[in-house]
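Structure, as structure tokens:
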Amino acid sequence: MQYLLRHYIRIPHYLYSQFTPSIASTLKNLSPSQLTQFNQLISNDDEKKLKLIAYLVQKLKPGLIPYKQILLQQIRNKSIESNQDLEYAIKLIQKIQNPEFYLNEYINTIKEKRIHSCIIQINQKYPGLCSNEQLIKIKEQFPECTQEMIIKLNQNKQNQSKQQIYEKIQTFTPRDIPEQHNLPEQLEKHKCITQGKIVLRFPPEPNGYLHLGHVRSIRLNFYSAEQLNGYCYLRYDDTNPANEKQIYIDEIEHNVKWFGHKPTHITYASDYFPFIFDCAIKLIKDNKAFICEQNRDEMKEYRRNKQPSPYRDRDIDESLRIFNEMQEGKHPESKYTLRLKIDYQHANPTLRDPVIYRVLYTQHPKSGDKWKVYPMYDFAHCICDSLENITHSLCTLEFEIRRELYYWILTNLNLYKPFVYEFSRLNVSNNMLSKRKIGKMIEMGIVNGWDDPRLLTLAGLRKRGYTPQAINEFIDQVSVPRGGNEQIISIKILENCIRKELEKTAPKIMAILNPILIDVEIDKNTIKQVYVQQDDVKLVSNPDFYGLTPNKQVCLRFFGVILCEDIILENDKVKYIKVKLISTDINERKKLKGQINWLDKNDCITATVNEYSYLFDTENPAEIQEFWNSFNKNSLQIYDVKVPKQLEYKVGDRFQFERNGFYIVDSIKDGHIYFNKIVGLVEGEKKNLK
Ligand SMILES: NC(=O)CC[C@H](N)C(=O)O
């Protein structure tokens with residue numbers, strides 16, 4: 001049971017202990033026949049998960065009602081593999097939720113709901129499918145649904161996900177948690193300042209480059225503020241000078257601008273250090289904070305065992321004196337810390353007398369050596385939010401457990417409290433979004449720096465050829481769910497977004513990857529030399545191959561029908577290919593299935609292509625402790641390419657190389673062009689040589 005709870009229901013850790021006995025006792029209270037029925041119903045693992053969640057929702061203790069929505073969400077987000085699963089999940093949802101609410105809030109009929117889920121799944125499984133193919137797939141599974149129904153639902157879905165990002169904020173309703181309520185006079189002052197407008201913030205720590213995961217927050221905050229006519233701050237959460245650098249600060253600002261956002265203000269947590277310091281003094285004077293001398297390990301041990309620090313009852317004046325001395329630089333690092341005096345036995349470990357200040361003699365990128373004491377994130381963050389009159393403080397789910405502490409601090413400082421809301425962190429398959437882990441990969445030399453095009457850092461995506469529009473489209477499609485940090489989004493959805501955009505915008509050119517030179521005999525006296533692509537040449541043909549192979553006719557596109565007379569090898573490599581021009585007649589050309597790309601030797605130049613594929617072989621490398629072992633060693637391949645000579649190439653230009661994919665000019669060194677492959681064509685398109 002514990003195992004299931006931990007894996008399938010994401011609730012704060014410290015609640016398990018309260019949760020499990022109540023479930024256990026409910027199970028105990030079932031009559032033998034009920035129990036048999038319950039067990040009989042559970043026939044496989046997936047069903048077990050769903051059933052258990054549904055069961056738990058029914059049996060929630062009144063105090064846990066706020067988590068009901070999370071659990072329901074969990075059922076909705078459950079990946080459903082078969083029709084039976086789908087029907088089963090729907091039945092469960094119906095059972096546990098007021099049917100009227102379900103029908104109004106979600107979809108009109110169960111049938112629509114089923115089709116709708118099916119569309120979502122099909123979109124996720126085959127992101128590149130056009131609507132016709134989608135229709136066929138859906139019809140296979142739901143023969144009873146009409147074409148109109150599918151089109152209508154598909155449109156609804158698209159409109160819904162487009163609007164969701166900023167409309168979502170308007171749907172947040174305050175939870176009924178007393179600690180979160182503001183006093184009437186606080187609210188009045190807050191409203192007077194904000195004039196009822198929405199005030200958001202994007203608060204990255206400048207300790208690395210931003211990545212795709214941050215775009216969810218950038219989009220949610222900046223874009224929502226723009227759409228809702230509100231404000232959004234870019235605030236650097238610079239409370240730990242040990243890891244922070246000016247280059248990161250600059251890169252973050254550059255990225256926000258890249259997405260076209262203009263922060264209402266750019267602020268730094270360090271701007272507020274004097275105020276935050278005074279807050280700490282106030283808490284010491286109120287006997288709500290004390291100077292502790294426990295070292296890191298002792299503190300950890302005591303907190304885990306719910307024991308009080310031996311310094312907890314230190315005299316207020318002494319704590320005040322030491323804290324001031326800490327700031328004056330009179331004490332070494334790690335000797336003293338300032339800790340809150342909340343409740344060392346609290347069920348939520350973040351409230352067990354957390355540290356709020358420590359001594360650091362590191363140079364701070366903004367405030368230099370002015371400060372010797374630095375506030376911890378938990379202490380600084382809520383105060384900054386409050387001072388900036390943030391209306392909605394939005395963060396990822398791993399911060400959920402800190403929400404109670406956030407409110408405790410603001411309540412005890414008598415400060416205005418923003419509404420805190422968490423959403424799922426973004427995970428993308430076959431890659432890793434974690435500044436720490438990316439930093440590690442750079443350190444190990446697995447990738448070539450923060451802007452390596454295989455990484456999903458914004459610098460990497462930019463270099464790879466992604467546009468802000470395509471990235472935003474991806475974020476809109478995957479939206480801002482709250483289902484859990486474990487969900488993994490297929491990287492194919494991201495690829496599909498850039499592909500869709502480039503299909504419309506990138507000019508098509510013929511380019512020959514891995515070129516092979518062939519002699520085309522036009523007549524007895526004329527030989528034309530052209531390049532064709534290595535993968536269009538095979539010594540032995542097969543029924544699916546329409547390229548060059550001995551004694552077979554193929555067409556050099558827009559030129560003429562040729563017959564391959566001979567292929568000569570040297571050390572297993574094609575050395576020479578001899579072909580003969582048979583006809584240039586358009587009708588003859590059209591007859592052939594095999595249409596090959598080519599470039600005249602005299603009309604092209606040699607360039608280099610960096611072709612990238614997935615960074616990791618496994619879908620979820622974060623799961624593996626030594627994640628570098630699943631690094632895809634073929635994630636970068638370098639090829640020669642021939643491109644038309646008469647075109648102009650500038651860094652940043654994007655092209656579609658016909659039948660190959662999309663490419664961007666990455667750099668030009670001494671006249672030599674380097675392309676990065678952005679993304680391939682939709683699977684199957686390449687083979688189709690027509
Ligand atoms: N509350 C939050 O949004 C967390 C911000 C934190 N500085 C981070 O970069 O993760």
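To be explicit about the labels: the chains of the structure tokens are called A, B, and onward in the order shown, and within each one the residues are counted from 1, while ligands get numbers from 1 in the order they are shown.
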Requested in this report: Find the residues near ligand 1. Use a cut-off of 9 Å, count only C-alpha atoms and all ligand atoms, and write them as number ranges by chain.
Outcome: A: 201-207, 214, 217, 235-239, 377-378, 381-382, 393-396, 399, 420, 422
>> Neighbouring residues of region 335-352 of chain A were defined as those with any atom within 9 Å, considering only C-alpha atoms; residues of the same chain fewer than 3 positions away were excluded. Please report them as a ChimeraX atom specification.
In response: /A:12-15,17,280,283-284,287-295,302-309,312,319,322-323,326,331-332,355-359,401-402,404-405,408
| query | Among region 519-548 of chain A, which residues carry a DSSP assignment of strand (DSSP E or B), reported as JSON, numbers by chain? | reply | {"A": [519, 520, 521, 522, 523, 526, 527, 528, 529, 530, 531, 532, 533, 537, 548]}
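Each of A:Thr606, A:Tyr576, A:Glu179, A:Phe222 was compared to Tyr407 (chain A) using only C-alpha atoms, and A:Glu179 turns out to be the nearest.
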Original post:
If you run DSSP on the backbone, which residues of region 377-448 of chain A are alpha helix (DSSP H), as a ChimeraX atom specification?
Top reply: /A:377-387,403-412,435-444
For the residues in the current selection, export N, CA, C and O atoms as a short mmCIF file (atom, residue, chain, number, x, y, z; two decimals), in the first residue's frame.
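Written output follows (result_25.cif):
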data_model
loop_
_atom_site.label_atom_id
_atom_site.label_comp_id
_atom_site.auth_asym_id
_atom_site.auth_seq_id
_atom_site.Cartn_x
_atom_site.Cartn_y
_atom_site.Cartn_z
N TYR A 377 16.85 30.40 0.32
CA TYR A 377 15.78 30.59 -0.67
C TYR A 377 14.41 30.71 -0.02
O TYR A 377 13.63 31.62 -0.32
N ASP A 378 14.09 29.77 0.92
CA ASP A 378 12.75 29.74 1.50
C ASP A 378 12.39 31.05 2.21
O ASP A 378 11.23 31.45 2.23
N PHE A 379 13.39 31.65 2.81
CA PHE A 379 13.12 32.87 3.56
C PHE A 379 13.00 34.06 2.59
O PHE A 379 12.10 34.88 2.70
N ALA A 380 13.90 34.12 1.62
CA ALA A 380 13.93 35.28 0.74
C ALA A 380 12.75 35.28 -0.24
O ALA A 380 12.16 36.32 -0.52
N HIS A 381 12.43 34.09 -0.75
CA HIS A 381 11.49 34.04 -1.87
C HIS A 381 10.11 34.62 -1.53
O HIS A 381 9.57 35.45 -2.26
N CYS A 382 9.57 34.20 -0.40
CA CYS A 382 8.23 34.67 -0.06
C CYS A 382 8.23 36.17 0.25
O CYS A 382 7.29 36.89 -0.10
N ILE A 383 9.32 36.64 0.87
CA ILE A 383 9.37 38.07 1.20
C ILE A 383 9.44 38.89 -0.10
O ILE A 383 8.75 39.91 -0.25
N CYS A 384 10.26 38.44 -1.05
CA CYS A 384 10.34 39.15 -2.33
C CYS A 384 8.99 39.16 -3.03
O CYS A 384 8.54 40.20 -3.52
N ASP A 385 8.34 38.00 -3.08
CA ASP A 385 7.01 37.93 -3.70
C ASP A 385 6.06 38.94 -3.06
O ASP A 385 5.32 39.65 -3.72
N SER A 386 6.11 38.98 -1.73
CA SER A 386 5.20 39.85 -1.01
C SER A 386 5.51 41.33 -1.29
O SER A 386 4.62 42.12 -1.58
N LEU A 387 6.80 41.68 -1.27
CA LEU A 387 7.19 43.07 -1.51
C LEU A 387 6.81 43.53 -2.91
O LEU A 387 6.51 44.69 -3.14
N ARG A 403 5.13 25.23 0.68
CA ARG A 403 4.08 26.25 0.69
C ARG A 403 3.70 26.67 2.11
O ARG A 403 3.50 27.85 2.42
N GLU A 404 3.64 25.67 2.99
CA GLU A 404 3.24 25.97 4.37
C GLU A 404 4.25 26.91 5.05
O GLU A 404 3.88 27.81 5.81
N LEU A 405 5.52 26.67 4.75
CA LEU A 405 6.57 27.51 5.33
C LEU A 405 6.48 28.93 4.77
O LEU A 405 6.63 29.92 5.49
N TYR A 406 6.21 29.00 3.47
CA TYR A 406 6.03 30.29 2.78
C TYR A 406 4.99 31.12 3.55
O TYR A 406 5.21 32.28 3.89
N TYR A 407 3.85 30.49 3.83
CA TYR A 407 2.80 31.22 4.52
C TYR A 407 3.14 31.50 5.98
O TYR A 407 2.78 32.53 6.52
N TRP A 408 3.85 30.56 6.61
CA TRP A 408 4.21 30.79 8.01
C TRP A 408 5.06 32.06 8.13
O TRP A 408 4.83 32.91 8.99
N ILE A 409 6.04 32.16 7.25
CA ILE A 409 6.97 33.31 7.33
C ILE A 409 6.21 34.62 7.13
O ILE A 409 6.33 35.55 7.93
N LEU A 410 5.38 34.67 6.08
CA LEU A 410 4.68 35.93 5.81
C LEU A 410 3.67 36.26 6.92
O LEU A 410 3.52 37.42 7.30
N THR A 411 3.02 35.22 7.44
CA THR A 411 2.07 35.47 8.54
C THR A 411 2.80 36.07 9.73
O THR A 411 2.37 37.07 10.31
N ASN A 412 3.95 35.48 10.07
CA ASN A 412 4.65 35.93 11.26
C ASN A 412 5.38 37.26 11.07
O ASN A 412 5.81 37.87 12.03
N LYS A 435 19.47 21.80 -14.55
CA LYS A 435 20.71 22.60 -14.67
C LYS A 435 21.88 21.85 -14.07
O LYS A 435 22.98 21.85 -14.61
N ARG A 436 21.60 21.18 -12.96
CA ARG A 436 22.69 20.49 -12.27
C ARG A 436 23.25 19.35 -13.14
O ARG A 436 24.46 19.21 -13.31
N LYS A 437 22.33 18.59 -13.73
CA LYS A 437 22.78 17.45 -14.54
C LYS A 437 23.40 17.91 -15.86
O LYS A 437 24.34 17.30 -16.36
N ILE A 438 22.88 18.99 -16.42
CA ILE A 438 23.49 19.51 -17.65
C ILE A 438 24.90 19.98 -17.33
O ILE A 438 25.85 19.70 -18.05
N GLY A 439 25.04 20.67 -16.17
CA GLY A 439 26.36 21.13 -15.73
C GLY A 439 27.32 19.94 -15.61
O GLY A 439 28.49 20.01 -16.04
N LYS A 440 26.81 18.85 -15.10
CA LYS A 440 27.63 17.64 -14.92
C LYS A 440 28.06 17.08 -16.29
O LYS A 440 29.21 16.67 -16.47
N MET A 441 27.13 17.07 -17.26
CA MET A 441 27.46 16.54 -18.59
C MET A 441 28.53 17.41 -19.26
O MET A 441 29.40 16.90 -19.96
N ILE A 442 28.45 18.71 -19.01
CA ILE A 442 29.46 19.62 -19.60
C ILE A 442 30.82 19.32 -18.96
O ILE A 442 31.84 19.17 -19.63
N GLU A 443 30.78 19.18 -17.64
CA GLU A 443 32.01 18.91 -16.88
C GLU A 443 32.66 17.60 -17.35
O GLU A 443 33.87 17.50 -17.49
N MET A 444 31.80 16.60 -17.64
CA MET A 444 32.34 15.30 -18.05
C MET A 444 32.74 15.28 -19.53
O MET A 444 33.28 14.29 -20.01
#
